[in-house]
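Coordinates from entry_26.pdb are shown below (PDB, C-alpha atoms).
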```pdb
ATOM      1  CA  MET A  10       0.000   0.000   0.000  1.00  0.00           C
ATOM      2  CA  LYS A  11       1.303   3.392  -0.960  1.00  0.00           C
ATOM      3  CA  PHE A  12       1.164   6.343   1.387  1.00  0.00           C
ATOM      4  CA  ILE A  13       0.573   9.922   0.312  1.00  0.00           C
ATOM      5  CA  ASN A  14       3.577  12.071   1.047  1.00  0.00           C
ATOM      6  CA  GLU A  15       3.621  15.735   2.019  1.00  0.00           C
ATOM      7  CA  LYS A  16       4.679  16.912  -1.464  1.00  0.00           C
ATOM      8  CA  ASP A  17       1.638  15.295  -3.106  1.00  0.00           C
ATOM      9  CA  ILE A  18      -0.691  16.820  -0.519  1.00  0.00           C
ATOM     10  CA  LEU A  19       0.886  20.217  -1.115  1.00  0.00           C
ATOM     11  CA  LYS A  20       0.512  19.858  -4.910  1.00  0.00           C
ATOM     12  CA  VAL A  21      -3.156  18.848  -4.664  1.00  0.00           C
ATOM     13  CA  SER A  22      -3.871  21.675  -2.220  1.00  0.00           C
ATOM     14  CA  LEU A  23      -2.198  24.175  -4.512  1.00  0.00           C
ATOM     15  CA  ILE A  24      -4.195  22.958  -7.534  1.00  0.00           C
ATOM     16  CA  ILE A  25      -7.466  23.170  -5.579  1.00  0.00           C
ATOM     17  CA  LEU A  26      -6.664  26.692  -4.387  1.00  0.00           C
ATOM     18  CA  LEU A  27      -5.793  27.827  -7.921  1.00  0.00           C
ATOM     19  CA  PHE A  28      -8.959  26.252  -9.302  1.00  0.00           C
ATOM     20  CA  LEU A  29     -11.104  27.988  -6.694  1.00  0.00           C
ATOM     21  CA  ASN A  30      -9.455  31.356  -7.366  1.00  0.00           C
ATOM     22  CA  PHE A  31     -10.029  31.106 -11.130  1.00  0.00           C
ATOM     23  CA  ASN A  32     -13.710  30.361 -10.657  1.00  0.00           C
ATOM     24  CA  LYS A  33     -14.422  33.448  -8.565  1.00  0.00           C
ATOM     25  CA  VAL A  34     -16.526  36.057 -10.318  1.00  0.00           C
ATOM     26  CA  VAL A  35     -15.143  39.524  -9.947  1.00  0.00           C
ATOM     27  CA  ALA A  36     -17.741  42.260 -10.271  1.00  0.00           C
ATOM     28  CA  GLN A  37     -16.833  45.713 -11.417  1.00  0.00           C
ATOM     29  CA  GLU A  38     -18.627  48.773 -10.232  1.00  0.00           C
ATOM     30  CA  VAL A  39     -19.453  51.184 -13.052  1.00  0.00           C
ATOM     31  CA  SER A  40     -20.734  54.686 -12.623  1.00  0.00           C
ATOM     32  CA  VAL A  41     -22.054  56.761 -15.507  1.00  0.00           C
ATOM     33  CA  ASN A  42     -21.842  60.529 -15.407  1.00  0.00           C
ATOM     34  CA  GLN A  43     -24.589  61.812 -17.647  1.00  0.00           C
ATOM     35  CA  ASP A  44     -25.015  65.394 -18.692  1.00  0.00           C
ATOM     36  CA  PRO A  45     -28.430  66.718 -17.527  1.00  0.00           C
ATOM     37  CA  LYS A  46     -28.947  68.242 -20.978  1.00  0.00           C
ATOM     38  CA  PHE A  47     -28.997  64.733 -22.426  1.00  0.00           C
ATOM     39  CA  GLU A  48     -32.147  63.848 -20.470  1.00  0.00           C
ATOM     40  CA  GLN A  49     -33.773  67.109 -21.587  1.00  0.00           C
ATOM     41  CA  LEU A  50     -32.888  66.359 -25.219  1.00  0.00           C
ATOM     42  CA  LEU A  51     -34.258  62.830 -24.873  1.00  0.00           C
ATOM     43  CA  ASN A  52     -37.566  64.164 -23.529  1.00  0.00           C
ATOM     44  CA  GLU A  53     -37.843  66.601 -26.434  1.00  0.00           C
ATOM     45  CA  LYS A  54     -37.211  63.762 -28.897  1.00  0.00           C
ATOM     46  CA  ARG A  55     -39.949  61.680 -27.260  1.00  0.00           C
ATOM     47  CA  LYS A  56     -42.395  64.560 -27.698  1.00  0.00           C
ATOM     48  CA  VAL A  57     -41.494  64.919 -31.377  1.00  0.00           C
ATOM     49  CA  ASN A  58     -41.793  61.166 -32.000  1.00  0.00           C
ATOM     50  CA  SER A  59     -45.211  60.987 -30.399  1.00  0.00           C
ATOM     51  CA  SER A  60     -46.501  63.774 -32.635  1.00  0.00           C
ATOM     52  CA  ILE A  61     -45.241  62.359 -35.939  1.00  0.00           C
ATOM     53  CA  THR A  62     -48.421  60.475 -36.863  1.00  0.00           C
ATOM     54  CA  ILE A  63     -50.738  62.841 -35.036  1.00  0.00           C
ATOM     55  CA  ASN A  64     -50.775  66.028 -37.031  1.00  0.00           C
ATOM     56  CA  ASN A  65     -53.098  68.079 -39.191  1.00  0.00           C
ATOM     57  CA  ARG A  66     -51.685  66.960 -42.548  1.00  0.00           C
ATOM     58  CA  TYR A  67     -53.424  64.777 -45.133  1.00  0.00           C
ATOM     59  CA  LYS A  68     -51.753  61.663 -46.511  1.00  0.00           C
ATOM     60  CA  ILE A  69     -52.541  59.175 -49.257  1.00  0.00           C
ATOM     61  CA  GLN A  70     -52.424  55.464 -48.516  1.00  0.00           C
ATOM     62  CA  LEU A  71     -51.167  53.550 -51.551  1.00  0.00           C
ATOM     63  CA  PHE A  72     -50.892  50.050 -50.159  1.00  0.00           C
ATOM     64  CA  ASN A  73     -52.109  47.976 -47.245  1.00  0.00           C
ATOM     65  CA  GLY A  74     -50.740  44.455 -46.673  1.00  0.00           C
ATOM     66  CA  SER A  75     -47.645  42.403 -45.838  1.00  0.00           C
ATOM     67  CA  SER A  76     -44.248  43.756 -44.909  1.00  0.00           C
ATOM     68  CA  GLU A  77     -42.479  42.523 -48.026  1.00  0.00           C
ATOM     69  CA  GLU A  78     -45.134  43.817 -50.422  1.00  0.00           C
ATOM     70  CA  SER A  79     -45.204  47.198 -48.698  1.00  0.00           C
ATOM     71  CA  LYS A  80     -41.415  47.476 -49.008  1.00  0.00           C
ATOM     72  CA  LYS A  81     -41.611  46.643 -52.714  1.00  0.00           C
ATOM     73  CA  THR A  82     -44.388  49.186 -53.232  1.00  0.00           C
ATOM     74  CA  LEU A  83     -42.459  51.884 -51.366  1.00  0.00           C
ATOM     75  CA  ILE A  84     -39.246  51.284 -53.323  1.00  0.00           C
ATOM     76  CA  GLN A  85     -41.092  51.289 -56.649  1.00  0.00           C
ATOM     77  CA  PHE A  86     -42.988  54.459 -55.724  1.00  0.00           C
ATOM     78  CA  LYS A  87     -39.830  56.293 -54.631  1.00  0.00           C
ATOM     79  CA  LYS A  88     -38.094  55.406 -57.906  1.00  0.00           C
ATOM     80  CA  GLU A  89     -40.957  56.866 -59.939  1.00  0.00           C
ATOM     81  CA  ASN A  90     -41.889  59.832 -57.700  1.00  0.00           C
ATOM     82  CA  LYS A  91     -38.998  61.666 -56.098  1.00  0.00           C
ATOM     83  CA  SER A  92     -41.026  64.745 -55.131  1.00  0.00           C
ATOM     84  CA  TYR A  93     -43.341  62.907 -52.695  1.00  0.00           C
ATOM     85  CA  ASP A  94     -42.535  62.077 -49.103  1.00  0.00           C
ATOM     86  CA  ALA A  95     -43.313  58.369 -48.574  1.00  0.00           C
ATOM     87  CA  THR A  96     -43.086  56.008 -45.620  1.00  0.00           C
ATOM     88  CA  ILE A  97     -44.282  52.677 -44.244  1.00  0.00           C
ATOM     89  CA  VAL A  98     -46.532  52.699 -41.201  1.00  0.00           C
ATOM     90  CA  PHE A  99     -47.290  49.577 -39.169  1.00  0.00           C
ATOM     91  CA  SER A 100     -50.802  49.230 -37.832  1.00  0.00           C
ATOM     92  CA  THR A 101     -51.520  45.777 -36.430  1.00  0.00           C
ATOM     93  CA  PRO A 102     -51.529  43.452 -38.351  1.00  0.00           C
ATOM     94  CA  LEU A 103     -50.867  45.301 -41.616  1.00  0.00           C
ATOM     95  CA  TYR A 104     -48.189  47.522 -43.101  1.00  0.00           C
ATOM     96  CA  LYS A 105     -49.330  50.626 -44.952  1.00  0.00           C
ATOM     97  CA  VAL A 106     -47.529  52.814 -47.465  1.00  0.00           C
ATOM     98  CA  TRP A 107     -48.380  56.465 -46.845  1.00  0.00           C
ATOM     99  CA  VAL A 108     -47.451  59.199 -49.264  1.00  0.00           C
ATOM    100  CA  GLY A 109     -47.386  62.966 -49.039  1.00  0.00           C
ATOM    101  CA  ASN A 110     -47.795  65.572 -46.383  1.00  0.00           C
ATOM    102  CA  PHE A 111     -50.567  67.786 -47.707  1.00  0.00           C
ATOM    103  CA  LYS A 112     -51.790  70.885 -45.869  1.00  0.00           C
ATOM    104  CA  THR A 113     -55.252  71.036 -47.418  1.00  0.00           C
ATOM    105  CA  ARG A 114     -57.777  68.435 -48.422  1.00  0.00           C
ATOM    106  CA  ILE A 115     -58.036  69.937 -51.917  1.00  0.00           C
ATOM    107  CA  GLU A 116     -54.301  69.537 -52.497  1.00  0.00           C
ATOM    108  CA  ALA A 117     -54.474  65.931 -51.245  1.00  0.00           C
ATOM    109  CA  GLU A 118     -57.459  65.095 -53.467  1.00  0.00           C
ATOM    110  CA  ARG A 119     -55.682  66.481 -56.554  1.00  0.00           C
ATOM    111  CA  ASN A 120     -52.691  64.258 -55.866  1.00  0.00           C
ATOM    112  CA  LEU A 121     -54.977  61.319 -55.064  1.00  0.00           C
ATOM    113  CA  ALA A 122     -56.588  61.619 -58.506  1.00  0.00           C
ATOM    114  CA  VAL A 123     -53.147  61.480 -60.152  1.00  0.00           C
ATOM    115  CA  LEU A 124     -51.950  58.550 -58.050  1.00  0.00           C
ATOM    116  CA  LYS A 125     -55.160  56.538 -58.530  1.00  0.00           C
ATOM    117  CA  LYS A 126     -54.165  55.997 -62.173  1.00  0.00           C
ATOM    118  CA  LYS A 127     -51.186  53.896 -61.079  1.00  0.00           C
ATOM    119  CA  TYR A 128     -52.533  52.753 -57.676  1.00  0.00           C
ATOM    120  CA  PRO A 129     -56.304  52.181 -57.991  1.00  0.00           C
ATOM    121  CA  ASN A 130     -56.690  51.214 -54.317  1.00  0.00           C
ATOM    122  CA  ALA A 131     -55.200  54.495 -53.053  1.00  0.00           C
ATOM    123  CA  ILE A 132     -57.257  56.306 -50.420  1.00  0.00           C
ATOM    124  CA  LEU A 133     -57.090  59.643 -48.611  1.00  0.00           C
ATOM    125  CA  ILE A 134     -56.049  59.550 -44.964  1.00  0.00           C
ATOM    126  CA  LYS A 135     -57.579  62.252 -42.773  1.00  0.00           C
ATOM    127  CA  PRO A 136     -55.394  63.958 -40.199  1.00  0.00           C
ATOM    128  CA  ASN A 137     -55.554  62.962 -36.545  1.00  0.00           C
ATOM    129  CA  LYS A 138     -56.080  65.714 -34.038  1.00  0.00           C
TER     130      LYS A 138
END
```

In structure tokens, how does this file's structure come out?
Amino acid sequence: MKFINEKDILKVSLIILLFLNFNKVVAQEVSVNQDPKFEQLLNEKRKVNSSITINNRYKIQLFNGSSEESKKTLIQFKKENKSYDATIVFSTPLYKVWVGNFKTRIEAERNLAVLKKKYPNAILIKPNK
């Protein structure tokens, strides 16, 4: 029978201590110094974002359907009509392609008549107040 000598015990102890030290998780404390103007700017941006779809401008809806089809419609429309502002709006469960930013209903209806030739399903979107 073989006995364990002091050197082997010391080696095993050293290995166990090293293993335990490597497995310790060291947490770092992080502090962020944020400029108070940043929070003010962020609040202003939130106000602007919330008012984007709620305004007193008329829009024309060209398409209403899936994400891929709305992207294709938007790209095709932008290629053909560079003077119009166009975007995709998500309203559960459909994506909509909205065009224009018209001040008056008359202006929007004139543009609707032109766009209906290419997009027969186009409709006028009334402003939200």

Spatial sel., origin (-53.6, 67.0, -42.5), limit 7 Å, all atoms listed in the file, listed as a list in words: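 Checking each residue against the 7 Å limit leaves Asn64, Asn65, Arg66, Tyr67, Lys68, Phe111, Lys112, Thr113, Lys135 and Pro136 of chain A.
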
Shell around A:Ala117 at 12 Å using only C-alpha atoms, local window under 2 positions removed, as a list in words: Arg66, Tyr67, Lys68, Ile69, Gln70, Tyr93, Val108, Gly109, Asn110, Phe111, Lys112, Thr113, Arg114, Ile115, Arg119, Asn120, Leu121, Ala122, Val123, Leu124, Lys125, Ala131, Ile132, Leu133, Ile134, Lys135 and Pro136 of chain A

Interatomic distance, atom CA of A:Val57 to atom CA of A:Thr96 (Å, one decimal):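 Between atom CA of A:Val57 and atom CA of A:Thr96 the gap is 16.9 Å.
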
To box stretch 17-21 of chain A, take all atoms listed in the file, fit an axis-aligned box, add 6 Å on each side, and give centre and edge lengths in Å to one decimal, as AutoDock Vina command-line options.
```
--center_x -0.8 --center_y 17.8 --center_z -2.7 --size_x 16.8 --size_y 16.9 --size_z 16.4
```

Non-local contacts of A:Ser76 (10 Å; only C-alpha atoms; under 3 positions in same chain excluded) as number ranges by chain: A: 73, 79-82, 97-99, 102-106

Interatomic distance (Å, one decimal) between atom CA of A:Ala95 and atom CA of A:Leu51: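 Atom-to-atom, atom CA of A:Ala95 and atom CA of A:Leu51 are spaced 25.8 Å apart.
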
Interatomic distance (Å, one decimal) between atom CA of A:Ser100 and atom CA of A:Lys88: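 Straight-line distance from atom CA of A:Ser100 to atom CA of A:Lys88 works out to 24.5 Å.
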